[in-house]
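Engineer: Take this structure, written in structure tokens, and hold onto it; I'll ask about it next.
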Amino acid sequence: MDEEREFLLSLMSSKNVALFIVAILTLIAIRILYAIHQSGKALQRVTPKPVRTLIVLGSGGHTAEMLNLLSVLQKDRFTPRFYVAAATDNMSLQKARVFENSSNNETGVENVQFMQIYRSREVGQSYLTSIGTTLIATAHAVWLILKTRPQVILCNGPGTCIPLCVIAFLFKVVGIKWSSVFYVESIARVRRLSLSGLLLYKLRIADQLYVQWPQLQKQYPRAIYVGCLM
């Protein structure tokens, strides 16, 4: 009799644990779907207040394209500004400093900060060792998002934007902070999205994804064609 009672109690306990796990997973799934649904919506309200803006720079032409885009924005609307580049990419931050110093804006350079983030994987690095560096980069991305608390994230292709955008999306899911991710695909991408753009598009992490070629928008219908920005 005692053995049967113990068996029933253990069975009920197992069922309760299983129900609890199912409930947690269901809640997480609902929050993910809610975040995806909200991220996919077009912006309906424009706030007159300045927004904290995180700007992701990258080597090659990414930084040049981003600074060209920033040159036509109302900088007093996007302040304070936080420039982020890979830890091994000093040139991009130098260009950003020159850009800010040469720009005539009311916000002043004091509302601008320059930061670095660890790369998930360096060029030529083995995939095995990249596991550790990816974990470090992810932890660093969490720290940067918590420190900067961006309302807007601007990026245009460098791989360093992925951990930042993913962490921002996860913060949406758990309700910590809502950051809008705006991704502008490089003008060099005529027929296919870059790997960064494809990930943000497929995972629905980007709130708005802009392309500069009409044929690219036809292939990715949720993208927004804005014409050539260069």
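Chain labels follow the order of the structure tokens: the first chain is A, the next B, and so on; residue numbering restarts at 1 in every chain, and ligands are counted from 1 in their shown order.
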Which polymer residues have any atom within 9 Å of an atom of Pro150 of chain A, counting only C-alpha atoms, with same-chain residues fewer than 4 positions away left out, as a PyMOL selection string?
Structural biologist: chain A and resi 51-54+81-82+145-146+168+177-180
Engineer: Any idea what's packed within 10 Å of Leu67 of chain A, counting only C-alpha atoms, ignoring anything in its chain fewer than 6 positions away? Could you give it as JSON, numbers by chain?
Structural biologist: {"A": [55, 57, 73, 92, 95, 96, 99, 100]}
Engineer: Write out as JSON, numbers by chain all residues of segment 112-230 of chain A that DSSP puts in strand (DSSP E) for this structure's backbone.
Structural biologist: {"A": [112, 113, 114, 115, 116, 117, 152, 153, 154, 155, 180, 181, 182, 183, 184, 208, 209, 210, 211, 224, 225]}
Engineer: Mind giving me the straight-line distance from atom CA of Gln113 of chain A to atom CA of Tyr83 of chain A in Å, one decimal?
Structural biologist: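 Between atom CA of Gln113 of chain A and atom CA of Tyr83 of chain A the gap works out to 6.2 Å.
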Engineer: Figure out the distance between atom CA of Arg77 of chain A and atom CA of Val184 of chain A, please, to one decimal in Å.
Structural biologist: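 Result for atom CA of Val184 of chain A versus atom CA of Arg77 of chain A: 18.5 Å, one decimal.
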